[in-house]
>>> print(open('my_file-v2.csv').read())   # CSV, C-alpha atoms and all ligand atoms
chain,number,residue,atom,x,y,z
A,1249,MET,CA,107.1,-126.3,50.8
A,1250,THR,CA,108.6,-122.8,50.2
A,1251,GLN,CA,105.3,-121.1,49.9
A,1252,GLN,CA,103.9,-123.0,52.9
A,1253,VAL,CA,106.9,-122.0,55.2
A,1254,TYR,CA,106.3,-118.3,54.4
A,1255,LYS,CA,102.5,-118.7,55.0
A,1256,GLU,CA,103.3,-120.1,58.4
A,1257,LEU,CA,105.8,-117.3,59.0
A,1258,TYR,CA,102.9,-114.9,58.4
A,1259,GLU,CA,100.9,-116.5,61.2
A,1260,ILE,CA,103.9,-116.4,63.5
A,1261,MET,CA,104.7,-112.8,62.9
A,1262,LYS,CA,101.1,-111.8,63.4
A,1263,SER,CA,101.2,-113.6,66.8
A,1264,ARG,CA,104.3,-111.6,67.8
A,1265,ARG,CA,102.3,-108.4,67.6
A,1266,GLY,CA,103.8,-104.9,67.6
A,1267,PRO,CA,103.4,-102.4,64.7
A,1268,TYR,CA,103.3,-103.9,61.2
A,1269,SER,CA,103.0,-107.4,62.8
A,1270,GLY,CA,101.6,-109.1,59.8
A,1271,VAL,CA,98.9,-108.6,57.2
A,1272,GLU,CA,98.4,-111.1,54.3
A,1273,ILE,CA,99.2,-109.0,51.3
A,1274,PRO,CA,101.7,-109.6,48.4
A,1275,GLU,CA,104.1,-107.0,49.9
A,1276,PHE,CA,104.4,-109.1,53.0
A,1277,TYR,CA,105.6,-112.2,51.0
A,1278,ASP,CA,107.9,-110.1,48.8
A,1279,MET,CA,109.6,-108.7,52.0
A,1280,VAL,CA,109.9,-111.9,54.0
A,1281,GLN,CA,111.3,-113.9,51.1
A,1282,GLU,CA,114.2,-111.4,50.9
A,1283,LEU,CA,114.7,-111.3,54.7
A,1284,PHE,CA,114.5,-115.0,55.5
A,1285,THR,CA,115.8,-118.0,53.5
A,1286,PRO,CA,113.3,-120.9,53.5
A,1287,GLN,CA,115.5,-122.6,56.1
A,1288,GLU,CA,115.6,-119.5,58.4
A,1289,ALA,CA,111.9,-119.1,58.0
A,1290,GLU,CA,111.4,-122.7,59.1
A,1291,VAL,CA,113.6,-122.1,62.2
A,1292,ASN,CA,111.9,-118.8,63.0
A,1293,ASN,CA,108.5,-120.5,62.9
A,1294,ALA,CA,109.6,-123.2,65.3
A,1295,MET,CA,110.8,-120.7,68.0
A,1296,PRO,CA,108.4,-120.4,70.9
A,1297,ALA,CA,107.6,-117.1,72.6
A,1298,LYS,CA,110.0,-117.8,75.4
A,1299,PRO,CA,113.8,-118.0,74.9
A,1300,LEU,CA,115.1,-121.5,74.1
A,1301,THR,CA,118.5,-123.2,73.5
A,1302,ALA,CA,119.5,-124.4,70.1
A,1303,ALA,CA,119.1,-128.0,71.5
A,1304,GLY,CA,115.5,-127.2,72.5
A,1305,ILE,CA,114.6,-125.7,69.1
A,1306,ALA,CA,116.3,-128.6,67.3
A,1307,ALA,CA,114.2,-131.0,69.5
A,1308,GLU,CA,111.0,-129.1,68.6
A,1309,MET,CA,111.9,-129.5,65.0
A,1310,ASN,CA,113.2,-133.1,65.3
A,1311,ARG,CA,116.4,-132.0,63.6
A,1312,ASP,CA,120.2,-132.0,64.2
A,1313,GLU,CA,121.3,-129.6,67.0
A,1314,ASP,CA,124.5,-128.4,65.2
A,1315,GLU,CA,122.6,-127.7,62.0
A,1316,ILE,CA,119.9,-125.7,63.8
A,1317,ARG,CA,122.6,-123.8,65.9
A,1318,GLY,CA,124.4,-122.8,62.7
A,1319,ILE,CA,121.1,-121.4,61.2
A,1320,LEU,CA,120.3,-119.6,64.5
A,1321,GLU,CA,123.7,-118.0,64.6
A,1322,THR,CA,123.4,-116.7,61.1
A,1323,MET,CA,119.9,-115.4,61.9
A,1324,ALA,CA,121.2,-113.6,65.0
A,1325,ASP,CA,123.9,-111.9,62.9
A,1326,LYS,CA,121.3,-110.8,60.3
A,1327,GLY,CA,119.1,-109.4,63.1
A,1328,LEU,CA,116.4,-112.0,62.5
A,1329,CYS,CA,116.4,-113.3,66.1
A,1330,LYS,CA,117.8,-112.4,69.5
A,1331,THR,CA,120.4,-114.3,71.3
A,1332,PHE,CA,121.9,-114.0,74.8
A,1333,ARG,CA,123.8,-116.0,77.4
A,1334,LYS,CA,122.6,-117.0,80.9
A,1335,GLY,CA,125.7,-118.4,82.6
A,1336,ASP,CA,127.2,-120.8,80.2
A,1337,VAL,CA,124.0,-121.4,78.3
A,1338,ARG,CA,123.1,-119.6,75.1
A,1339,TYR,CA,119.4,-118.9,74.3
A,1340,TYR,CA,117.6,-117.7,71.2
A,1341,GLN,CA,114.3,-115.9,70.9
A,1342,GLY,CA,112.1,-114.9,67.9
A,1343,GLU,CA,111.7,-111.1,67.3
A,1344,PRO,CA,108.7,-109.1,66.1
A,1345,PHE,CA,109.1,-106.8,63.1
A,1346,MET,CA,109.0,-103.7,65.3
A,1347,PRO,CA,110.6,-103.1,67.6
A,1348,GLY,CA,113.1,-105.6,66.4
A,1349,ILE,CA,113.8,-107.1,62.9
A,1350,PHE,CA,113.2,-103.9,60.9
A,1351,GLU,CA,115.5,-101.7,63.0
A,1352,TYR,CA,118.2,-104.3,63.3
A,1353,GLN,CA,118.6,-104.4,59.5
A,1354,PHE,CA,120.1,-100.9,59.3
A,1355,MET,CA,122.0,-100.4,62.5
A,1356,PRO,CA,125.5,-100.7,60.9
A,1357,GLY,CA,124.5,-98.0,58.4
A,1358,LYS,CA,125.6,-100.0,55.3
A,1359,ALA,CA,124.3,-99.4,51.8
A,1360,THR,CA,124.8,-102.6,49.9
A,1361,ASP,CA,122.4,-103.6,47.0
A,1362,ARG,CA,120.7,-106.0,49.5
A,1363,ASP,CA,120.3,-103.2,52.1
A,1364,LYS,CA,118.7,-101.0,49.4
A,1365,ARG,CA,116.4,-103.8,48.3
A,1366,ILE,CA,115.4,-104.6,51.9
A,1367,ALA,CA,114.7,-100.9,52.6
A,1368,GLN,CA,112.4,-100.7,49.4
A,1369,LEU,CA,110.6,-103.9,50.4
A,1370,ILE,CA,110.0,-102.8,54.0
A,1371,ARG,CA,108.8,-99.4,52.8
A,1372,ALA,CA,106.4,-101.1,50.3
A,1373,TYR,CA,105.1,-103.4,53.0
A,1374,LYS,CA,104.5,-100.6,55.5
A,1375,ASN,CA,102.7,-98.5,52.9
A,1376,ALA,CA,100.5,-101.4,51.9
A,1377,PHE,CA,99.9,-102.3,55.5
A,1378,ASN,CA,98.8,-98.7,56.4
A,1379,THR,CA,96.5,-98.7,53.4
A,1380,ALA,CA,95.0,-102.1,54.4
A,1381,LYS,CA,94.7,-101.4,58.1
A,1382,GLY,CA,94.5,-97.6,58.5
A,1383,ALA,CA,96.7,-95.5,60.9
A,1384,PRO,CA,97.2,-97.4,64.2
A,1385,LYS,CA,94.9,-96.3,67.0
A,1386,MET,CA,96.8,-94.8,69.9
A,1387,THR,CA,95.8,-95.3,73.5
A,1388,PHE,CA,98.6,-95.1,76.1
A,1389,PRO,CA,102.0,-93.6,75.2
A,1390,VAL,CA,104.6,-96.4,74.9
A,1391,THR,CA,107.4,-93.9,74.3
A,1392,ARG,CA,108.2,-90.5,75.8
A,1393,VAL,CA,110.1,-87.4,75.0
A,1394,ILE,CA,113.1,-86.5,77.2
A,1395,THR,CA,113.5,-82.8,77.3
A,1396,VAL,CA,116.9,-81.0,77.2
A,1397,ASP,CA,117.6,-80.7,80.9
A,1398,ARG,CA,119.9,-77.7,80.7
A,1399,THR,CA,116.9,-75.7,79.4
A,1400,ILE,CA,114.7,-76.4,82.4
A,1401,GLU,CA,113.9,-73.3,84.4
A,1402,ALA,CA,115.6,-73.2,87.8
A,1403,GLY,CA,113.3,-74.1,90.7
A,1404,ASN,CA,111.4,-76.8,88.7
A,1405,THR,CA,111.3,-80.4,89.9
A,1406,VAL,CA,113.5,-82.5,87.7
A,1407,TYR,CA,113.6,-86.2,88.2
A,1408,THR,CA,116.6,-88.2,87.2
A,1409,TYR,CA,114.6,-90.0,84.5
A,1410,ASP,CA,114.0,-86.6,82.9
A,1411,GLN,CA,117.7,-86.1,82.4
A,1412,VAL,CA,119.4,-87.8,79.4
A,1413,SER,CA,122.7,-87.5,81.1
A,1414,THR,CA,121.5,-89.9,83.8
A,1415,TYR,CA,121.5,-92.8,81.3
A,1416,ILE,CA,125.1,-92.0,80.3
A,1417,ASP,CA,126.3,-91.5,83.8
A,1418,LYS,CA,125.0,-94.8,85.1
A,1419,ASN,CA,125.9,-97.1,82.3
A,1420,GLU,CA,129.4,-98.4,81.6
A,1421,THR,CA,128.6,-99.9,78.3
A,1422,ILE,CA,127.1,-97.5,75.7
A,1423,GLY,CA,126.6,-98.3,72.0
A,1424,VAL,CA,125.6,-96.1,69.1
A,1425,GLY,CA,124.0,-97.2,65.8
A,1426,THR,CA,122.6,-95.7,62.7
A,1427,CYS,CA,119.1,-94.3,62.9
A,1428,TYR,CA,116.8,-96.9,61.3
A,1429,CYS,CA,114.2,-94.4,60.1
A,1430,ARG,CA,116.6,-92.0,58.5
A,1431,HIS,CA,119.0,-94.6,57.0
A,1432,SER,CA,116.1,-96.6,55.4
A,1433,ALA,CA,114.7,-93.3,54.0
A,1434,LYS,CA,118.2,-92.5,52.6
A,1435,LEU,CA,118.4,-96.0,51.0
A,1436,VAL,CA,115.1,-95.4,49.2
A,1437,GLY,CA,116.3,-92.0,47.9
A,1438,GLU,CA,114.5,-89.7,50.3
A,1439,ASP,CA,115.9,-86.4,51.6
A,1440,THR,CA,117.3,-86.8,55.1
A,1441,HIS,CA,117.6,-83.0,55.7
A,1442,ASP,CA,121.3,-83.3,56.6
A,1443,MET,CA,120.4,-84.7,60.0
A,1444,PRO,CA,123.0,-86.7,61.9
A,1445,MET,CA,122.7,-90.5,61.3
A,1446,GLU,CA,124.7,-92.3,63.9
A,1447,VAL,CA,122.6,-91.2,66.9
A,1448,CYS,CA,120.7,-94.2,68.2
A,1449,MET,CA,122.1,-94.9,71.7
A,1450,TRP,CA,121.9,-98.2,73.6
A,1451,PHE,CA,122.8,-98.8,77.3
A,1452,GLY,CA,124.0,-101.7,79.5
A,1453,SER,CA,123.3,-105.3,78.3
A,1454,MET,CA,121.3,-104.1,75.3
A,1455,ALA,CA,124.3,-102.0,74.2
A,1456,ALA,CA,126.6,-105.0,74.6
A,1457,TYR,CA,124.3,-107.0,72.4
A,1458,ALA,CA,124.0,-104.3,69.8
A,1459,ILE,CA,127.8,-104.0,69.6
A,1460,GLU,CA,128.4,-107.8,69.6
A,1461,ARG,CA,125.8,-108.8,67.1
A,1462,LEU,CA,124.1,-105.9,65.3
A,1463,GLY,CA,126.9,-103.7,64.1
A,1464,ALA,CA,126.6,-100.9,66.7
A,1465,ARG,CA,129.8,-99.1,67.9
A,1466,ALA,CA,131.0,-98.9,71.4
A,1467,MET,CA,131.3,-95.3,72.8
A,1468,THR,CA,132.9,-93.6,75.8
A,1469,LYS,CA,130.7,-91.4,78.0
A,1470,ALA,CA,132.4,-88.3,76.5
A,1471,GLU,CA,131.5,-89.5,73.0
A,1472,ALA,CA,128.0,-90.2,74.1
A,1473,ARG,CA,127.6,-86.6,75.4
A,1474,ARG,CA,129.0,-85.3,72.1
A,1475,VAL,CA,126.3,-87.4,70.2
A,1476,LEU,CA,123.6,-85.8,72.4
A,1477,ASP,CA,125.0,-82.3,71.8
A,1478,LEU,CA,125.1,-82.9,68.0
A,1479,ALA,CA,121.5,-84.2,68.1
A,1480,GLU,CA,120.3,-81.1,70.1
A,1481,GLU,CA,122.1,-78.7,67.7
A,1482,ALA,CA,120.4,-80.4,64.7
A,1483,GLY,CA,117.0,-80.1,66.4
A,1484,LEU,CA,116.4,-83.8,67.0
A,1485,VAL,CA,114.0,-85.0,69.7
A,1486,HIS,CA,115.3,-87.3,72.5
A,1487,MET,CA,113.0,-90.2,72.8
A,1488,SER,CA,112.9,-93.4,74.9
A,1489,ARG,CA,110.5,-96.0,76.3
A,1490,ASN,CA,107.8,-94.5,78.6
A,1491,THR,CA,109.1,-95.9,81.8
A,1492,THR,CA,111.2,-94.4,84.7
A,1493,GLU,CA,113.4,-97.5,85.0
A,1494,ASN,CA,114.9,-100.0,82.6
A,1495,VAL,CA,115.6,-97.4,80.0
A,1496,ASN,CA,118.1,-99.1,77.7
A,1497,PHE,CA,117.9,-96.8,74.6
A,1498,ILE,CA,117.6,-93.2,73.5
A,1499,CYS,CA,116.7,-92.4,69.9
A,1500,ASN,CA,117.2,-88.9,68.5
A,1501,CYS,CA,114.3,-88.4,66.1
A,1502,ASP,CA,113.2,-86.1,63.4
A,1503,ARG,CA,109.8,-85.1,62.2
A,1504,TRP,CA,110.1,-86.3,58.6
A,1505,HIS,CA,111.2,-90.0,59.1
A,1506,CYS,CA,110.7,-91.1,62.7
A,1507,GLU,CA,107.9,-93.8,62.8
A,1508,VAL,CA,106.8,-92.6,66.2
A,1509,ILE,CA,106.6,-88.9,65.5
A,1510,LYS,CA,104.9,-89.5,62.1
A,1511,GLY,CA,102.3,-91.7,63.9
A,1512,VAL,CA,101.6,-89.2,66.7
A,1513,LEU,CA,101.3,-86.3,64.3
A,1514,LYS,CA,98.3,-88.1,62.7
A,1515,GLN,CA,96.5,-87.9,66.0
A,1516,PRO,CA,94.2,-84.9,66.6
A,1517,LYS,CA,96.1,-84.1,69.8
A,1518,PRO,CA,99.7,-85.4,69.3
A,1519,ALA,CA,100.9,-84.1,72.7
A,1520,LEU,CA,98.6,-86.6,74.5
A,1521,PHE,CA,100.8,-89.5,73.1
A,1522,PHE,CA,104.3,-88.1,73.0
A,1523,ASN,CA,105.4,-85.7,75.7
A,1524,SER,CA,108.1,-84.9,78.2
A,1525,GLY,CA,106.0,-83.3,80.9
A,1526,PHE,CA,107.6,-79.9,80.2
A,1527,GLN,CA,106.4,-76.9,78.2
A,1528,PRO,CA,108.2,-73.7,76.9
A,1529,ARG,CA,107.9,-70.4,78.5
A,1530,PHE,CA,108.9,-67.3,76.4
A,1531,ASP,CA,110.5,-64.2,77.9
A,1532,PRO,CA,109.0,-61.2,76.0
A,1533,ASP,CA,111.9,-59.0,77.2
A,1534,LEU,CA,114.5,-61.3,75.6
A,1535,CYS,CA,112.6,-62.4,72.4
A,1536,THR,CA,113.6,-60.6,69.2
A,1537,ALA,CA,110.9,-62.3,67.1
A,1538,CYS,CA,113.5,-64.0,64.9
A,1539,GLU,CA,111.2,-67.0,64.4
A,1540,THR,CA,114.0,-69.6,64.7
A,1541,CYS,CA,112.0,-71.5,67.2
A,1542,ILE,CA,109.0,-71.6,64.9
A,1543,GLU,CA,111.1,-73.1,62.1
A,1544,ARG,CA,112.8,-75.6,64.4
A,1545,CYS,CA,109.6,-76.9,66.2
A,1546,PRO,CA,109.1,-80.5,65.1
A,1547,PRO,CA,105.3,-80.7,65.5
A,1548,GLU,CA,104.8,-77.1,64.2
A,1549,ALA,CA,103.3,-76.1,67.6
A,1550,LEU,CA,104.4,-72.5,67.4
A,1551,VAL,CA,103.0,-69.4,65.7
A,1552,MET,CA,104.0,-65.8,66.2
A,1553,GLY,CA,101.6,-64.0,68.6
A,1554,GLU,CA,100.2,-60.5,68.2
A,1555,ASN,CA,102.7,-59.2,70.7
A,1556,GLU,CA,105.6,-60.5,68.5
A,1557,VAL,CA,106.3,-63.3,71.0
A,1558,PRO,CA,105.7,-67.0,69.9
A,1559,GLN,CA,102.6,-68.7,71.2
A,1560,VAL,CA,102.5,-72.5,71.8
A,1561,ASP,CA,99.7,-74.9,71.0
A,1562,LEU,CA,99.9,-77.3,73.9
A,1563,ASP,CA,97.8,-79.9,72.1
A,1564,ARG,CA,100.7,-80.3,69.7
A,1565,CYS,CA,103.8,-79.4,71.8
A,1566,PHE,CA,106.0,-82.4,72.8
A,1567,GLY,CA,108.0,-80.5,75.4
A,1568,CYS,CA,111.1,-81.5,73.5
A,1569,ALA,CA,113.0,-78.1,74.0
A,1570,VAL,CA,114.2,-78.0,70.4
A,1571,CYS,CA,112.8,-74.4,70.3
A,1572,ALA,CA,114.8,-73.5,73.5
A,1573,THR,CA,118.2,-75.0,72.3
A,1574,GLY,CA,117.9,-73.1,69.1
A,1575,CYS,CA,116.9,-69.7,70.5
A,1576,PRO,CA,119.8,-67.2,69.9
A,1577,SER,CA,118.5,-65.0,72.7
A,1578,GLN,CA,118.0,-67.6,75.4
A,1579,ALA,CA,114.4,-66.4,75.6
A,1580,ILE,CA,112.9,-69.8,76.1
A,1581,ALA,CA,113.0,-71.9,79.3
A,1582,MET,CA,111.2,-75.2,79.9
A,1583,GLU,CA,108.8,-75.5,82.8
A,1584,CYS,CA,107.0,-78.4,84.3
A,1585,LYS,CA,103.5,-79.1,83.1
A,1586,PRO,CA,101.1,-79.0,86.0
A,1587,ASP,CA,99.7,-82.4,87.0
A,1588,PHE,CA,101.7,-84.4,84.4
A,1589,PRO,CA,101.5,-88.1,85.2
A,1590,VAL,CA,104.6,-90.0,86.4
A,1591,PRO,CA,105.4,-92.6,83.7
A,1592,PRO,CA,105.0,-96.3,84.6
A,1593,LYS,CA,108.0,-97.7,86.5
A,1594,ASP,CA,109.1,-100.5,84.2
A,1595,PRO,CA,108.0,-102.4,81.0
A,1596,LYS,CA,105.6,-104.6,83.1
A,1597,GLU,CA,103.8,-101.6,84.5
A,1598,LEU,CA,103.7,-100.1,81.0
A,1599,ILE,CA,101.9,-103.1,79.6
A,1600,VAL,CA,99.4,-103.0,82.5
A,1601,SER,CA,98.7,-99.3,81.7
A,1602,LEU,CA,98.5,-100.1,78.0
A,1603,LYS,CA,96.0,-102.9,78.5
A,1604,ALA,CA,93.9,-100.7,80.9
A,1605,SER,CA,93.8,-98.0,78.3
A,1606,PHE,CA,92.7,-100.4,75.6
A,1607,ALA,CA,90.0,-101.8,77.8
A,1608,LYS,CA,88.7,-98.2,78.6
A,1609,GLN,CA,88.5,-97.4,75.0
A,1610,GLY,CA,86.6,-100.6,74.2
A,1701,LIG,S1,114.0,-68.2,68.7
A,1701,LIG,FE1,114.0,-67.0,70.6
A,1701,LIG,S2,114.2,-64.9,70.0
A,1701,LIG,FE2,113.6,-66.0,68.1
A,1701,LIG,S3,111.3,-65.9,68.1
A,1701,LIG,FE3,111.8,-67.7,69.2
A,1701,LIG,S4,111.9,-67.1,71.4
A,1701,LIG,FE4,112.0,-65.2,70.2
A,1702,LIG,S1,107.2,-75.7,71.1
A,1702,LIG,FE1,107.9,-77.2,69.6
A,1702,LIG,S2,110.1,-77.2,69.9
A,1702,LIG,FE2,109.3,-76.2,71.7
A,1702,LIG,S3,109.0,-77.8,73.2
A,1702,LIG,FE3,107.1,-77.7,72.1
A,1702,LIG,S4,107.3,-79.2,70.5
A,1702,LIG,FE4,109.3,-78.8,71.2
>>> encode(input="my_file-v2.csv", output="structure tokens", more="lines below")
Ligand code: SF4
Ligand code: SF4
Amino acid sequence: MTQQVYKELYEIMKSRRGPYSGVEIPEFYDMVQELFTPQEAEVNNAMPAKPLTAAGIAAEMNRDEDEIRGILETMADKGLCKTFRKGDVRYYQGEPFMPGIFEYQFMPGKATDRDKRIAQLIRAYKNAFNTAKGAPKMTFPVTRVITVDRTIEAGNTVYTYDQVSTYIDKNETIGVGTCYCRHSAKLVGEDTHDMPMEVCMWFGSMAAYAIERLGARAMTKAEARRVLDLAEEAGLVHMSRNTTENVNFICNCDRWHCEVIKGVLKQPKPALFFNSGFQPRFDPDLCTACETCIERCPPEALVMGENEVPQVDLDRCFGCAVCATGCPSQAIAMECKPDFPVPPKDPKELIVSLKASFAKQG
């Protein structure tokens, strides 16, 4: 029975798609047996794609409603499923590994023996998955970089979705959690380059959920701005979903551990899949050739030019402005890239663009 329930879990996780969705290798079973008890795996497998109440899931399983509700609540607290209220009714929904279950394991930033074990098992599964399947093929960008708006050259068109401050200004509920990528790297003993850890920001109802169930911390707007300042000073890249609306999170990512950045850097032209729509312009009169920008640039898109002013490789440049925020001479300003496409409006449009891009590539 135990083996069978995890075999079924494999099929279910594969159907939920997303990165690392499921490949039948020993590392998969080692990982899921630590994440899910057999009872939790059984409930996970009975959850349909659409949200359902505890009563509905219990009916699907022909089991007692209170017993199933208890298991669902524990699963939600462990980040193994999502739960939310609509009016007086509570719903539950199964989650994919990413985005979802993997990130939720590390949001509180704990380092218990179980956290370390889970981090090791997830790392082993991802490595084995990449070996078995190869690097994921990229088509349409699902995430985008948000540049640092104070570095944008005067006179350029700046849309509100290009300004990180927009998301802080318009949301009353803001939460912050530990960076999944860096924390899991720390748990497996990797160097995190002294980068700040508590910098994953959530907004609106997603923030409320992360605070209530996933161990995130509520922040004031002033604290949220300080988190952004800290991230910019450290040279982290602001990143969110590639939409102009419904932006409910901002990650602050580094080049060594961020899953997205590591993935795009494997592509021949990383800038095609991860970009803000801005590019740096260097003022030769202000530049002192100190090379700080070259050291800070996450995708290593800069080299020193013959005239002692940095040159940018636009096939690699993300438009993140990490170079500009670190320049001691204020010699770098960000300018709009000509003809950069407007991102899809919302997640629905993003999926349409993604499917069209897949179809085009065959
Ligand atoms: S950090 Fe500024 S001053 Fe130093 S090389 Fe880069 S542009 Fe020039
Ligand atoms: S040159 Fe590097 S640091 Fe500057 S915007 Fe491009 S990717 Fe970012």
>>> residues_near_ligand(input="my_file-v2.csv", ligand="ligand LIG 1701 (chain A)", cutoff="8 Å", atoms="only C-alpha atoms and all ligand atoms", output="PDB file with C-alpha atoms, in the frame of the given file")
ATOM      1  CA  PHE A1530     108.900 -67.300  76.400  1.00  0.00           C
ATOM      2  CA  ASP A1531     110.500 -64.200  77.900  1.00  0.00           C
ATOM      3  CA  PRO A1532     109.000 -61.200  76.000  1.00  0.00           C
ATOM      4  CA  LEU A1534     114.500 -61.300  75.600  1.00  0.00           C
ATOM      5  CA  CYS A1535     112.600 -62.400  72.400  1.00  0.00           C
ATOM      6  CA  THR A1536     113.600 -60.600  69.200  1.00  0.00           C
ATOM      7  CA  ALA A1537     110.900 -62.300  67.100  1.00  0.00           C
ATOM      8  CA  CYS A1538     113.500 -64.000  64.900  1.00  0.00           C
ATOM      9  CA  GLU A1539     111.200 -67.000  64.400  1.00  0.00           C
ATOM     10  CA  THR A1540     114.000 -69.600  64.700  1.00  0.00           C
ATOM     11  CA  CYS A1541     112.000 -71.500  67.200  1.00  0.00           C
ATOM     12  CA  ILE A1542     109.000 -71.600  64.900  1.00  0.00           C
ATOM     13  CA  MET A1552     104.000 -65.800  66.200  1.00  0.00           C
ATOM     14  CA  GLU A1556     105.600 -60.500  68.500  1.00  0.00           C
ATOM     15  CA  VAL A1557     106.300 -63.300  71.000  1.00  0.00           C
ATOM     16  CA  PRO A1558     105.700 -67.000  69.900  1.00  0.00           C
ATOM     17  CA  CYS A1571     112.800 -74.400  70.300  1.00  0.00           C
ATOM     18  CA  ALA A1572     114.800 -73.500  73.500  1.00  0.00           C
ATOM     19  CA  GLY A1574     117.900 -73.100  69.100  1.00  0.00           C
ATOM     20  CA  CYS A1575     116.900 -69.700  70.500  1.00  0.00           C
ATOM     21  CA  PRO A1576     119.800 -67.200  69.900  1.00  0.00           C
ATOM     22  CA  SER A1577     118.500 -65.000  72.700  1.00  0.00           C
ATOM     23  CA  GLN A1578     118.000 -67.600  75.400  1.00  0.00           C
ATOM     24  CA  ALA A1579     114.400 -66.400  75.600  1.00  0.00           C
ATOM     25  CA  ILE A1580     112.900 -69.800  76.100  1.00  0.00           C
TER      26      ILE A1580
END
>>> residues_near_ligand(input="my_file-v2.csv", ligand="ligand LIG 1702 (chain A)", cutoff="6 Å", atoms="only C-alpha atoms and all ligand atoms", output="PDB file with C-alpha atoms, in the frame of the given file")
ATOM      1  CA  GLN A1527     106.400 -76.900  78.200  1.00  0.00           C
ATOM      2  CA  PRO A1528     108.200 -73.700  76.900  1.00  0.00           C
ATOM      3  CA  CYS A1545     109.600 -76.900  66.200  1.00  0.00           C
ATOM      4  CA  PRO A1546     109.100 -80.500  65.100  1.00  0.00           C
ATOM      5  CA  PRO A1547     105.300 -80.700  65.500  1.00  0.00           C
ATOM      6  CA  ALA A1549     103.300 -76.100  67.600  1.00  0.00           C
ATOM      7  CA  LEU A1550     104.400 -72.500  67.400  1.00  0.00           C
ATOM      8  CA  VAL A1560     102.500 -72.500  71.800  1.00  0.00           C
ATOM      9  CA  CYS A1565     103.800 -79.400  71.800  1.00  0.00           C
ATOM     10  CA  PHE A1566     106.000 -82.400  72.800  1.00  0.00           C
ATOM     11  CA  GLY A1567     108.000 -80.500  75.400  1.00  0.00           C
ATOM     12  CA  CYS A1568     111.100 -81.500  73.500  1.00  0.00           C
ATOM     13  CA  ALA A1569     113.000 -78.100  74.000  1.00  0.00           C
ATOM     14  CA  VAL A1570     114.200 -78.000  70.400  1.00  0.00           C
ATOM     15  CA  CYS A1571     112.800 -74.400  70.300  1.00  0.00           C
TER      16      CYS A1571
END
>>> residues_around(input="my_file-v2.csv", residues="region 1456-1472 of chain A", least_positions_apart="3", cutoff="9 Å", atoms="only C-alpha atoms", output="mmCIF file with C-alpha atoms, in the coordinates of the input")
data_model
loop_
_atom_site.group_PDB
_atom_site.id
_atom_site.type_symbol
_atom_site.label_atom_id
_atom_site.label_comp_id
_atom_site.auth_asym_id
_atom_site.auth_seq_id
_atom_site.Cartn_x
_atom_site.Cartn_y
_atom_site.Cartn_z
ATOM 1 C CA ALA A 1324 121.200 -113.600 65.000
ATOM 2 C CA ASP A 1325 123.900 -111.900 62.900
ATOM 3 C CA LYS A 1326 121.300 -110.800 60.300
ATOM 4 C CA GLY A 1327 119.100 -109.400 63.100
ATOM 5 C CA LYS A 1330 117.800 -112.400 69.500
ATOM 6 C CA THR A 1331 120.400 -114.300 71.300
ATOM 7 C CA PHE A 1332 121.900 -114.000 74.800
ATOM 8 C CA TYR A 1352 118.200 -104.300 63.300
ATOM 9 C CA GLN A 1353 118.600 -104.400 59.500
ATOM 10 C CA PHE A 1354 120.100 -100.900 59.300
ATOM 11 C CA MET A 1355 122.000 -100.400 62.500
ATOM 12 C CA PRO A 1356 125.500 -100.700 60.900
ATOM 13 C CA GLY A 1357 124.500 -98.000 58.400
ATOM 14 C CA ILE A 1416 125.100 -92.000 80.300
ATOM 15 C CA ASP A 1417 126.300 -91.500 83.800
ATOM 16 C CA ASN A 1419 125.900 -97.100 82.300
ATOM 17 C CA GLU A 1420 129.400 -98.400 81.600
ATOM 18 C CA THR A 1421 128.600 -99.900 78.300
ATOM 19 C CA ILE A 1422 127.100 -97.500 75.700
ATOM 20 C CA GLY A 1423 126.600 -98.300 72.000
ATOM 21 C CA VAL A 1424 125.600 -96.100 69.100
ATOM 22 C CA GLY A 1425 124.000 -97.200 65.800
ATOM 23 C CA THR A 1426 122.600 -95.700 62.700
ATOM 24 C CA MET A 1449 122.100 -94.900 71.700
ATOM 25 C CA TRP A 1450 121.900 -98.200 73.600
ATOM 26 C CA PHE A 1451 122.800 -98.800 77.300
ATOM 27 C CA GLY A 1452 124.000 -101.700 79.500
ATOM 28 C CA SER A 1453 123.300 -105.300 78.300
ATOM 29 C CA VAL A 1475 126.300 -87.400 70.200
ATOM 30 C CA LEU A 1476 123.600 -85.800 72.400
ATOM 31 C CA ASP A 1477 125.000 -82.300 71.800
#
>>> atom_distance(input="my_file-v2.csv", atom1="CA of Ser1488 (chain A)", atom2="CA of Pro1586 (chain A)")
21.7 Å
>>> residues_around(input="my_file-v2.csv", residues="His1505 (chain A)", least_positions_apart="4", cutoff="8 Å", atoms="only C-alpha atoms", output="tab-separated table (two decimals) with C-alpha atoms, in the coordinates of the input")
chain	number	residue	atom	x	y	z
A	1429	CYS	CA	114.20	-94.40	60.10
A	1430	ARG	CA	116.60	-92.00	58.50
A	1433	ALA	CA	114.70	-93.30	54.00
A	1440	THR	CA	117.30	-86.80	55.10
A	1501	CYS	CA	114.30	-88.40	66.10
A	1509	ILE	CA	106.60	-88.90	65.50
A	1510	LYS	CA	104.90	-89.50	62.10
>>> closest_residue(input="my_file-v2.csv", among="A:Glu1256, A:Glu1543, A:Asp1502, A:Glu1275", to="Thr1379 (chain A)", atoms="all atoms listed in the file")
A:Glu1275
>>> residues_near_point(input="my_file-v2.csv", point="(109.1, -97.7, 49.5)", cutoff="12 Å", atoms="only C-alpha atoms", output="JSON, numbers by chain")
{"A": [1275, 1279, 1364, 1365, 1366, 1367, 1368, 1369, 1370, 1371, 1372, 1373, 1374, 1375, 1376, 1377, 1432, 1433, 1434, 1435, 1436, 1437, 1438]}
